[in-house]
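Structure first, commentary second.
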There are 2 protein chains.
Amino acid sequence: MIRLFVQQPLGPGSRIEPTAEQAHYLRSVMRLSPGDGLLLFNGRDGEWRADIDGMSKKSCVLLVQEQTRPQVAPPDLELVVALVKRSRLETIVEKAAELGCRRVRLAVTRRTNADHTNVARLQAIAVEAAEQTGRLDAPQVVAPERLDRLFEGWDRTRRLMFCDEAGDAPPALEALQGASGPWAVLIGPEGGFDSAERDRLRSEAFTTPVNLGPRILRADTAAIAALALWQAAAGDWREAPGGS
Amino acid sequence: MIRLFVQQPLGPGSRIEPTAEQAHYLRSVMRLSPGDGLLLFNGRDGEWRADIDGMSKKSCVLLVQEQTRPQVAPPDLELVVALVKRSRLETIVEKAAELGCRRVRLAVTRRTNADHTNVARLQAIAVEAAEQTGRLDAPQVVAPERLDRLFEGWDRTRRLMFCDEAGDAPPALEALQGASGPWAVLIGPEGGFDSAERDRLRSEAFTTPVNLGPRILRADTAAIAALALWQAAAGDWREAPGGS
């Protein structure tokens with residue numbers, strides 16, 4: 001069943017006009033017709049079944065029927081990722097959505113060459129991945145910020161896990177034992193953090209260094225591995241199936 | 001430092017002639033000259049420093065100096081993956097190498113459309129990823145085989161972990177508690193296993209169903225997540241840094 005993320009409030013009898021891109025997708029890509037059903041979610045009101053009520057060349061109206069799932073909040077996990085090359089960054093954002101991140105923050109580090117990226121495109125990738133992965137919200141993608149600025153404003157109740165290649169960090173599962181509350185995973189640039197960044201990461205009280213094994217991992221592999229380990233050890237992969 | 005996987009035995013004073021592709025890479029891509037150093041490994045003799053001894057337009061000779069690391073065997077982990085679409089399969093093979101798989105077996109399932117793929121290309125991707133990830137061997141990529149045939153010949157001392165989306169499988173980390181010995185991870189096609197395959201997976205004594213959380217994961221995400229969880233719970237990500 002097709003799932004669409006919408007901005008509007010969802011309730012029984014709501015009439016929703018999807019965006020022009022969504023209308024095009026429903027009509028020309030998926031070839032739906034009036035009467036066909038789909039699922040809608042907006043990050044606040046749960047998931048709802050809707051029917052296509054009207055469809056023209058330029059627009060489309062969806063009539064919301066009944067709720068299929070109540071809203072649940074995913075675990076409070078964020079990803080902070082350095083601006084790596086575009087295709088890899090897009091993969092990482094897609095995977096962050098599949099792995100239940102609430103927010104993806106983009107960081108400019110000292111070994112990052114770029115200081116900007118197409119945030120709107122990354123946000124669209126996050127929404128599309130959220131639609132396909134079955135979650136009830138979509139991760140927010142935040143515009144790039146310098147890593148030191150990001151640390152200045154850091155909410156110190158949120159722990160930040162980072163992969164410390166050079167140090168003697170404990171294995172990730174050991175470091176995550178008993179983890180609870182809000183967390184974030186930090187993934188550095190392909191060239192790694194520089195020594196000043198590394199010193200700061202080691203000295204801040206909100207950081208947790210972890211070790212991800214003896215092999216060198218690319219940024220996308222490290223991101224997926226770290227997020228999966230967190231969900232398995234501290235997030236919603238711990239629950240028995242049936243819960244969501 | 002450049003690392004090359006070679007077939008020849010490695011020892012002090014060995015003279016190695018790399019393949020034409022490797023010679024081209026050293027000369028024209030990396031622009032090395034006689035006297036420059038690199039690292040060699042072959043999956044048997046550890047890692048060795050070598051110098052470029054001679055270089056011509058067509059060939060190249062490497063003179064092996066001293067061992068930099070002794071051979072260690074990675075944990076006995078394999079990946080069995082259904083033939084998914086090419087770009088995703090290439091990503092999965094690359095990640096299997098980064099995540100320490102010894103072997104990647106390709107499977108044709110009932111919902112797999114293809115029954116062949118470019119195995120030589122996948123093997124080259126595995127070798128290149130092994131060179132970059134710093135491991136001392138390269139995963140072997142095995143030609144596609146029908147899943148039922150693969151099960152007929154299965155070594156029953158090797159446990160097979162599979163993601164059971166429909167069932168009530170335990171969370172992955174719970175299922176992997178106390179895991180030891182040889183294991184494999186099975187990743188199905190994008191459309192999932194059919195009911196006969198699922199029944200067989202559930203009834204075989206060598207299989208371990210696991211749950212990877214409430215969201216639907218793409219094949220590449222599931223592969224990376226499952227391999228990372230296995231390495232963290234039962235493989236070489238458990239060890240303190242410094243070991244390899």
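Residue numbering restarts at 1 for every chain of the structure tokens, chains are lettered A, B, ... in their displayed order, and ligands are numbered from 1 as they appear.
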Any idea what's packed within 12 Å of Leu32 in chain B, counting only C-alpha atoms, ignoring anything in its chain fewer than 2 positions away? Could you give it as JSON, numbers by chain?
{"B": [1, 2, 22, 23, 24, 25, 26, 27, 28, 29, 30, 34, 35, 36, 37, 38, 51, 52, 53, 54, 55, 56, 60, 62]}
With chain B as the partner and 7 Å as the cut-off, tabulate the residues of chain A that qualify, each row holding the nearest pair of atoms and their distance in Å to one decimal, using only C-alpha atoms, sorted by chain and rising number, as CSV.
```
residue,atom,partner,partner_atom,distance
A:Lys95,CA,B:Thr221,CA,6.8
A:Glu98,CA,B:Leu217,CA,6.1
A:Thr133,CA,B:Ile216,CA,4.5
A:Gly134,CA,B:Arg215,CA,5.7
A:Arg135,CA,B:Arg215,CA,6.3
A:Asp168,CA,B:Pro241,CA,5.7
A:Pro170,CA,B:Ala240,CA,6.2
A:Pro171,CA,B:Arg238,CA,5.6
A:Leu173,CA,B:Ala232,CA,6.4
A:Leu212,CA,B:Trp237,CA,6.0
A:Gly213,CA,B:Trp237,CA,4.2
A:Pro214,CA,B:Ser244,CA,5.4
A:Arg215,CA,B:Thr133,CA,5.3
A:Ile216,CA,B:Thr133,CA,4.5
A:Leu217,CA,B:Glu98,CA,6.1
A:Thr221,CA,B:Lys95,CA,6.8
A:Ile224,CA,B:Ala225,CA,6.6
A:Ala225,CA,B:Ala228,CA,5.5
A:Ala228,CA,B:Ala225,CA,5.5
A:Leu229,CA,B:Leu229,CA,6.3
A:Ala232,CA,B:Leu173,CA,6.5
A:Asp236,CA,B:Gly213,CA,6.3
A:Trp237,CA,B:Gly213,CA,4.2
A:Arg238,CA,B:Pro171,CA,5.6
A:Glu239,CA,B:Pro171,CA,6.7
A:Ala240,CA,B:Pro170,CA,6.2
A:Pro241,CA,B:Asp168,CA,5.7
A:Ser244,CA,B:Pro214,CA,5.4
```
Near Thr112 in chain B, within 10 Å and counting only C-alpha atoms, which residues show up once chain neighbours fewer than 3 positions away are dropped, as a PyMOL selection string?
chain B and resi 82-85+107-109+115+146+188-193
Write out chain B, as a CSV table (one decimal) with C-alpha atoms, in the first residue's frame, after superposing it onto chain A by least squares using every C-alpha atom paired in order.
```csv
chain,number,residue,atom,x,y,z
B,1,MET,CA,0.0,0.0,0.0
B,2,ILE,CA,1.3,3.5,-1.0
B,3,ARG,CA,2.2,5.7,2.0
B,4,LEU,CA,2.4,9.5,1.7
B,5,PHE,CA,3.8,12.0,4.2
B,6,VAL,CA,1.6,15.1,4.3
B,7,GLN,CA,1.8,18.3,6.3
B,8,GLN,CA,-2.0,18.7,6.9
B,9,PRO,CA,-3.8,17.5,10.1
B,10,LEU,CA,-5.4,14.1,9.6
B,11,GLY,CA,-8.8,13.0,11.0
B,12,PRO,CA,-11.9,11.2,9.8
B,13,GLY,CA,-13.4,13.1,6.8
B,14,SER,CA,-10.4,15.4,6.3
B,15,ARG,CA,-9.9,16.4,2.7
B,16,ILE,CA,-6.2,16.5,1.8
B,17,GLU,CA,-4.7,18.1,-1.3
B,18,PRO,CA,-1.3,16.5,-1.8
B,19,THR,CA,1.6,18.5,-3.3
B,20,ALA,CA,1.9,18.7,-7.1
B,21,GLU,CA,4.7,16.1,-7.0
B,22,GLN,CA,2.7,13.7,-4.9
B,23,ALA,CA,-0.4,14.2,-7.2
B,24,HIS,CA,1.8,13.4,-10.2
B,25,TYR,CA,3.2,10.3,-8.5
B,26,LEU,CA,-0.3,9.0,-7.6
B,27,ARG,CA,-1.7,9.7,-11.1
B,28,SER,CA,1.1,9.1,-13.5
B,29,VAL,CA,3.6,6.8,-11.8
B,30,MET,CA,1.3,4.6,-9.6
B,31,ARG,CA,-1.7,5.1,-12.0
B,32,LEU,CA,-4.2,5.3,-9.2
B,33,SER,CA,-7.8,6.3,-10.0
B,34,PRO,CA,-10.7,7.8,-7.9
B,35,GLY,CA,-11.7,5.3,-5.3
B,36,ASP,CA,-8.3,3.7,-4.9
B,37,GLY,CA,-6.9,3.7,-1.3
B,38,LEU,CA,-3.6,4.7,0.2
B,39,LEU,CA,-2.1,5.5,3.6
B,40,LEU,CA,-1.3,9.0,5.0
B,41,PHE,CA,0.8,10.1,8.0
B,42,ASN,CA,2.1,13.5,9.1
B,43,GLY,CA,4.2,12.8,12.2
B,44,ARG,CA,1.5,13.8,14.6
B,45,ASP,CA,-1.8,12.1,14.0
B,46,GLY,CA,-0.9,8.5,13.3
B,47,GLU,CA,-1.5,6.7,10.0
B,48,TRP,CA,-4.8,6.9,8.2
B,49,ARG,CA,-6.4,5.2,5.2
B,50,ALA,CA,-7.6,7.6,2.6
B,51,ASP,CA,-9.3,7.2,-0.8
B,52,ILE,CA,-8.7,9.2,-3.9
B,53,ASP,CA,-11.8,11.4,-4.0
B,54,GLY,CA,-11.1,13.5,-7.1
B,55,MET,CA,-8.3,13.6,-9.6
B,56,SER,CA,-7.7,16.0,-12.4
B,57,LYS,CA,-4.7,16.7,-14.6
B,58,LYS,CA,-3.3,19.2,-12.2
B,59,SER,CA,-4.5,18.2,-8.8
B,60,CYS,CA,-5.9,15.5,-6.6
B,61,VAL,CA,-8.1,15.3,-3.5
B,62,LEU,CA,-7.8,12.6,-0.9
B,63,LEU,CA,-10.6,11.8,1.5
B,64,VAL,CA,-9.4,10.5,4.9
B,65,GLN,CA,-11.3,7.5,6.2
B,66,GLU,CA,-10.1,5.7,9.4
B,67,GLN,CA,-7.0,5.5,11.4
B,68,THR,CA,-4.9,2.4,10.8
B,69,ARG,CA,-2.2,3.1,13.5
B,70,PRO,CA,-2.0,5.5,16.4
B,71,GLN,CA,1.0,7.9,16.5
B,72,VAL,CA,4.0,6.5,18.4
B,73,ALA,CA,7.2,8.4,19.0
B,74,PRO,CA,10.4,6.6,17.8
B,75,PRO,CA,13.3,6.4,20.2
B,76,ASP,CA,15.1,9.8,20.6
B,77,LEU,CA,18.0,9.2,18.3
B,78,GLU,CA,19.6,11.7,16.0
B,79,LEU,CA,22.5,11.5,13.5
B,80,VAL,CA,25.2,14.2,13.2
B,81,VAL,CA,27.0,13.6,9.9
B,82,ALA,CA,29.9,15.5,8.3
B,83,LEU,CA,29.4,16.6,4.7
B,84,VAL,CA,30.8,13.6,2.8
B,85,LYS,CA,30.5,13.3,-0.9
B,86,ARG,CA,27.0,13.7,-2.2
B,87,SER,CA,26.0,10.1,-3.2
B,88,ARG,CA,27.3,8.8,0.1
B,89,LEU,CA,25.5,11.6,2.1
B,90,GLU,CA,22.2,10.7,0.3
B,91,THR,CA,22.7,7.1,1.2
B,92,ILE,CA,23.3,8.0,4.8
B,93,VAL,CA,20.2,10.2,5.0
B,94,GLU,CA,18.1,7.4,3.5
B,95,LYS,CA,19.5,4.9,6.0
B,96,ALA,CA,19.0,7.3,8.9
B,97,ALA,CA,15.3,7.3,8.0
B,98,GLU,CA,15.1,3.5,7.8
B,99,LEU,CA,16.9,3.2,11.1
B,100,GLY,CA,14.5,5.5,12.9
B,101,CYS,CA,16.5,8.8,13.4
B,102,ARG,CA,14.3,11.7,14.3
B,103,ARG,CA,16.7,14.3,13.0
B,104,VAL,CA,19.8,14.4,10.8
B,105,ARG,CA,22.2,17.3,11.4
B,106,LEU,CA,24.8,18.1,8.9
B,107,ALA,CA,28.3,19.2,10.2
B,108,VAL,CA,31.2,21.0,8.6
B,109,THR,CA,34.4,19.7,10.1
B,110,ARG,CA,38.0,20.9,9.6
B,111,ARG,CA,38.6,18.1,7.1
B,112,THR,CA,35.3,18.8,5.3
B,113,ASN,CA,35.8,20.5,1.9
B,114,ALA,CA,32.3,21.6,1.4
B,115,ASP,CA,30.3,24.0,3.6
B,116,HIS,CA,26.9,23.6,1.9
B,117,THR,CA,24.7,21.0,0.3
B,118,ASN,CA,21.2,20.6,-1.2
B,119,VAL,CA,19.3,20.3,2.0
B,120,ALA,CA,15.9,20.3,0.3
B,121,ARG,CA,17.0,17.3,-1.8
B,122,LEU,CA,18.2,15.5,1.4
B,123,GLN,CA,14.9,16.3,3.1
B,124,ALA,CA,13.0,14.8,0.2
B,125,ILE,CA,15.1,11.6,0.4
B,126,ALA,CA,14.4,11.4,4.1
B,127,VAL,CA,10.6,11.8,3.5
B,128,GLU,CA,10.6,9.2,0.7
B,129,ALA,CA,12.5,6.7,2.8
B,130,ALA,CA,10.2,7.4,5.8
B,131,GLU,CA,7.2,6.6,3.5
B,132,GLN,CA,8.7,3.3,2.4
B,133,THR,CA,10.1,2.1,5.8
B,134,GLY,CA,6.6,2.4,7.4
B,135,ARG,CA,7.4,4.9,10.1
B,136,LEU,CA,4.9,7.4,11.3
B,137,ASP,CA,7.1,10.5,11.1
B,138,ALA,CA,9.9,11.8,8.8
B,139,PRO,CA,13.3,12.8,10.0
B,140,GLN,CA,14.1,16.5,9.9
B,141,VAL,CA,17.3,17.4,7.9
B,142,VAL,CA,19.0,20.4,9.4
B,143,ALA,CA,21.2,22.7,7.3
B,144,PRO,CA,25.0,22.4,7.7
B,145,GLU,CA,26.6,23.9,10.8
B,146,ARG,CA,30.3,24.1,11.9
B,147,LEU,CA,31.1,21.3,14.3
B,148,ASP,CA,32.4,23.6,17.0
B,149,ARG,CA,29.2,25.8,16.7
B,150,LEU,CA,27.1,22.7,16.9
B,151,PHE,CA,28.9,21.7,20.1
B,152,GLU,CA,28.5,25.2,21.6
B,153,GLY,CA,24.7,24.8,21.4
B,154,TRP,CA,24.6,21.1,22.3
B,155,ASP,CA,21.9,20.0,24.6
B,156,ARG,CA,24.0,18.4,27.3
B,157,THR,CA,21.3,15.9,28.2
B,158,ARG,CA,21.8,14.2,24.8
B,159,ARG,CA,24.7,11.8,24.7
B,160,LEU,CA,26.8,11.8,21.5
B,161,MET,CA,28.4,8.5,20.5
B,162,PHE,CA,31.4,8.8,18.2
B,163,CYS,CA,33.7,6.2,16.6
B,164,ASP,CA,37.1,6.8,18.1
B,165,GLU,CA,39.5,5.0,15.7
B,166,ALA,CA,42.8,6.0,17.3
B,167,GLY,CA,41.9,5.7,21.0
B,168,ASP,CA,41.2,2.8,23.3
B,169,ALA,CA,37.4,3.2,23.3
B,170,PRO,CA,35.4,0.3,24.5
B,171,PRO,CA,33.5,-2.0,22.1
B,172,ALA,CA,30.2,-0.3,21.0
B,173,LEU,CA,27.9,-2.8,22.7
B,174,GLU,CA,29.8,-2.4,26.0
B,175,ALA,CA,29.7,1.4,25.7
B,176,LEU,CA,25.9,1.3,25.1
B,177,GLN,CA,25.0,-1.0,27.9
B,178,GLY,CA,22.3,0.6,30.0
B,179,ALA,CA,22.0,3.5,27.6
B,180,SER,CA,18.8,5.5,27.9
B,181,GLY,CA,17.4,8.9,27.2
B,182,PRO,CA,18.2,11.1,24.1
B,183,TRP,CA,21.3,10.1,22.0
B,184,ALA,CA,23.0,11.0,18.8
B,185,VAL,CA,25.5,9.3,16.6
B,186,LEU,CA,28.3,11.3,15.1
B,187,ILE,CA,29.9,10.3,11.8
B,188,GLY,CA,33.0,12.1,10.7
B,189,PRO,CA,34.3,12.9,7.3
B,190,GLU,CA,36.2,10.3,5.2
B,191,GLY,CA,39.5,11.8,6.3
B,192,GLY,CA,38.5,11.5,10.0
B,193,PHE,CA,38.5,14.3,12.6
B,194,ASP,CA,41.5,16.4,13.0
B,195,SER,CA,43.4,16.3,16.3
B,196,ALA,CA,41.7,19.4,17.8
B,197,GLU,CA,38.3,18.0,17.1
B,198,ARG,CA,39.3,14.6,18.5
B,199,ASP,CA,40.6,16.2,21.7
B,200,ARG,CA,37.4,18.1,22.1
B,201,LEU,CA,35.3,15.0,21.4
B,202,ARG,CA,37.3,13.2,24.1
B,203,SER,CA,37.1,16.0,26.7
B,204,GLU,CA,33.4,16.8,26.4
B,205,ALA,CA,31.2,15.3,29.1
B,206,PHE,CA,28.4,14.5,26.8
B,207,THR,CA,30.4,12.3,24.4
B,208,THR,CA,30.7,8.5,24.4
B,209,PRO,CA,33.6,7.1,22.4
B,210,VAL,CA,33.0,3.6,20.9
B,211,ASN,CA,35.0,1.2,18.9
B,212,LEU,CA,33.6,-0.4,15.8
B,213,GLY,CA,36.1,-3.2,15.3
B,214,PRO,CA,39.5,-3.7,13.7
B,215,ARG,CA,38.6,-2.8,10.1
B,216,ILE,CA,38.4,0.7,8.5
B,217,LEU,CA,34.7,1.5,7.7
B,218,ARG,CA,33.5,3.9,5.1
B,219,ALA,CA,31.2,6.7,6.5
B,220,ASP,CA,28.0,5.1,5.2
B,221,THR,CA,28.9,1.7,6.7
B,222,ALA,CA,29.9,3.3,10.0
B,223,ALA,CA,26.6,5.3,10.1
B,224,ILE,CA,24.4,2.3,9.5
B,225,ALA,CA,26.4,0.0,11.9
B,226,ALA,CA,26.3,2.6,14.7
B,227,LEU,CA,22.6,3.4,14.3
B,228,ALA,CA,21.7,-0.3,14.1
B,229,LEU,CA,23.8,-1.1,17.3
B,230,TRP,CA,22.1,1.8,19.1
B,231,GLN,CA,18.6,0.7,18.1
B,232,ALA,CA,19.4,-2.9,19.1
B,233,ALA,CA,21.0,-2.0,22.4
B,234,ALA,CA,19.0,1.0,23.5
B,235,GLY,CA,16.2,1.6,21.0
B,236,ASP,CA,13.1,0.0,19.6
B,237,TRP,CA,14.9,-3.1,18.2
B,238,ARG,CA,14.9,-4.4,21.8
B,239,GLU,CA,11.2,-4.9,21.9
B,240,ALA,CA,9.5,-8.1,21.0
B,241,PRO,CA,7.7,-7.9,17.6
B,242,GLY,CA,4.1,-6.8,17.7
B,243,GLY,CA,5.0,-3.5,19.5
B,244,SER,CA,6.0,-0.7,17.3
```
Looking only at the backbone, which of the residues in range 11-244 of chain B does DSSP tag as strand (DSSP E), as a PyMOL selection string?
chain B and resi 15-16+37-41+47-55+60-69+77-82+103-108+140-146+159-163+183-187+207-210
What parts of range 15-235 of chain B does DSSP call helix (DSSP H, G or I)? I'd like the answer as JSON, numbers by chain.
{"B": [20, 21, 22, 23, 24, 25, 26, 27, 28, 29, 86, 87, 88, 89, 90, 91, 92, 93, 94, 95, 96, 97, 98, 119, 120, 121, 122, 123, 124, 125, 126, 127, 128, 129, 130, 131, 132, 133, 147, 148, 149, 150, 151, 152, 172, 173, 174, 175, 195, 196, 197, 198, 199, 200, 201, 202, 203, 219, 220, 221, 222, 223, 224, 225, 226, 227, 228, 229, 230, 231, 232, 233, 234]}
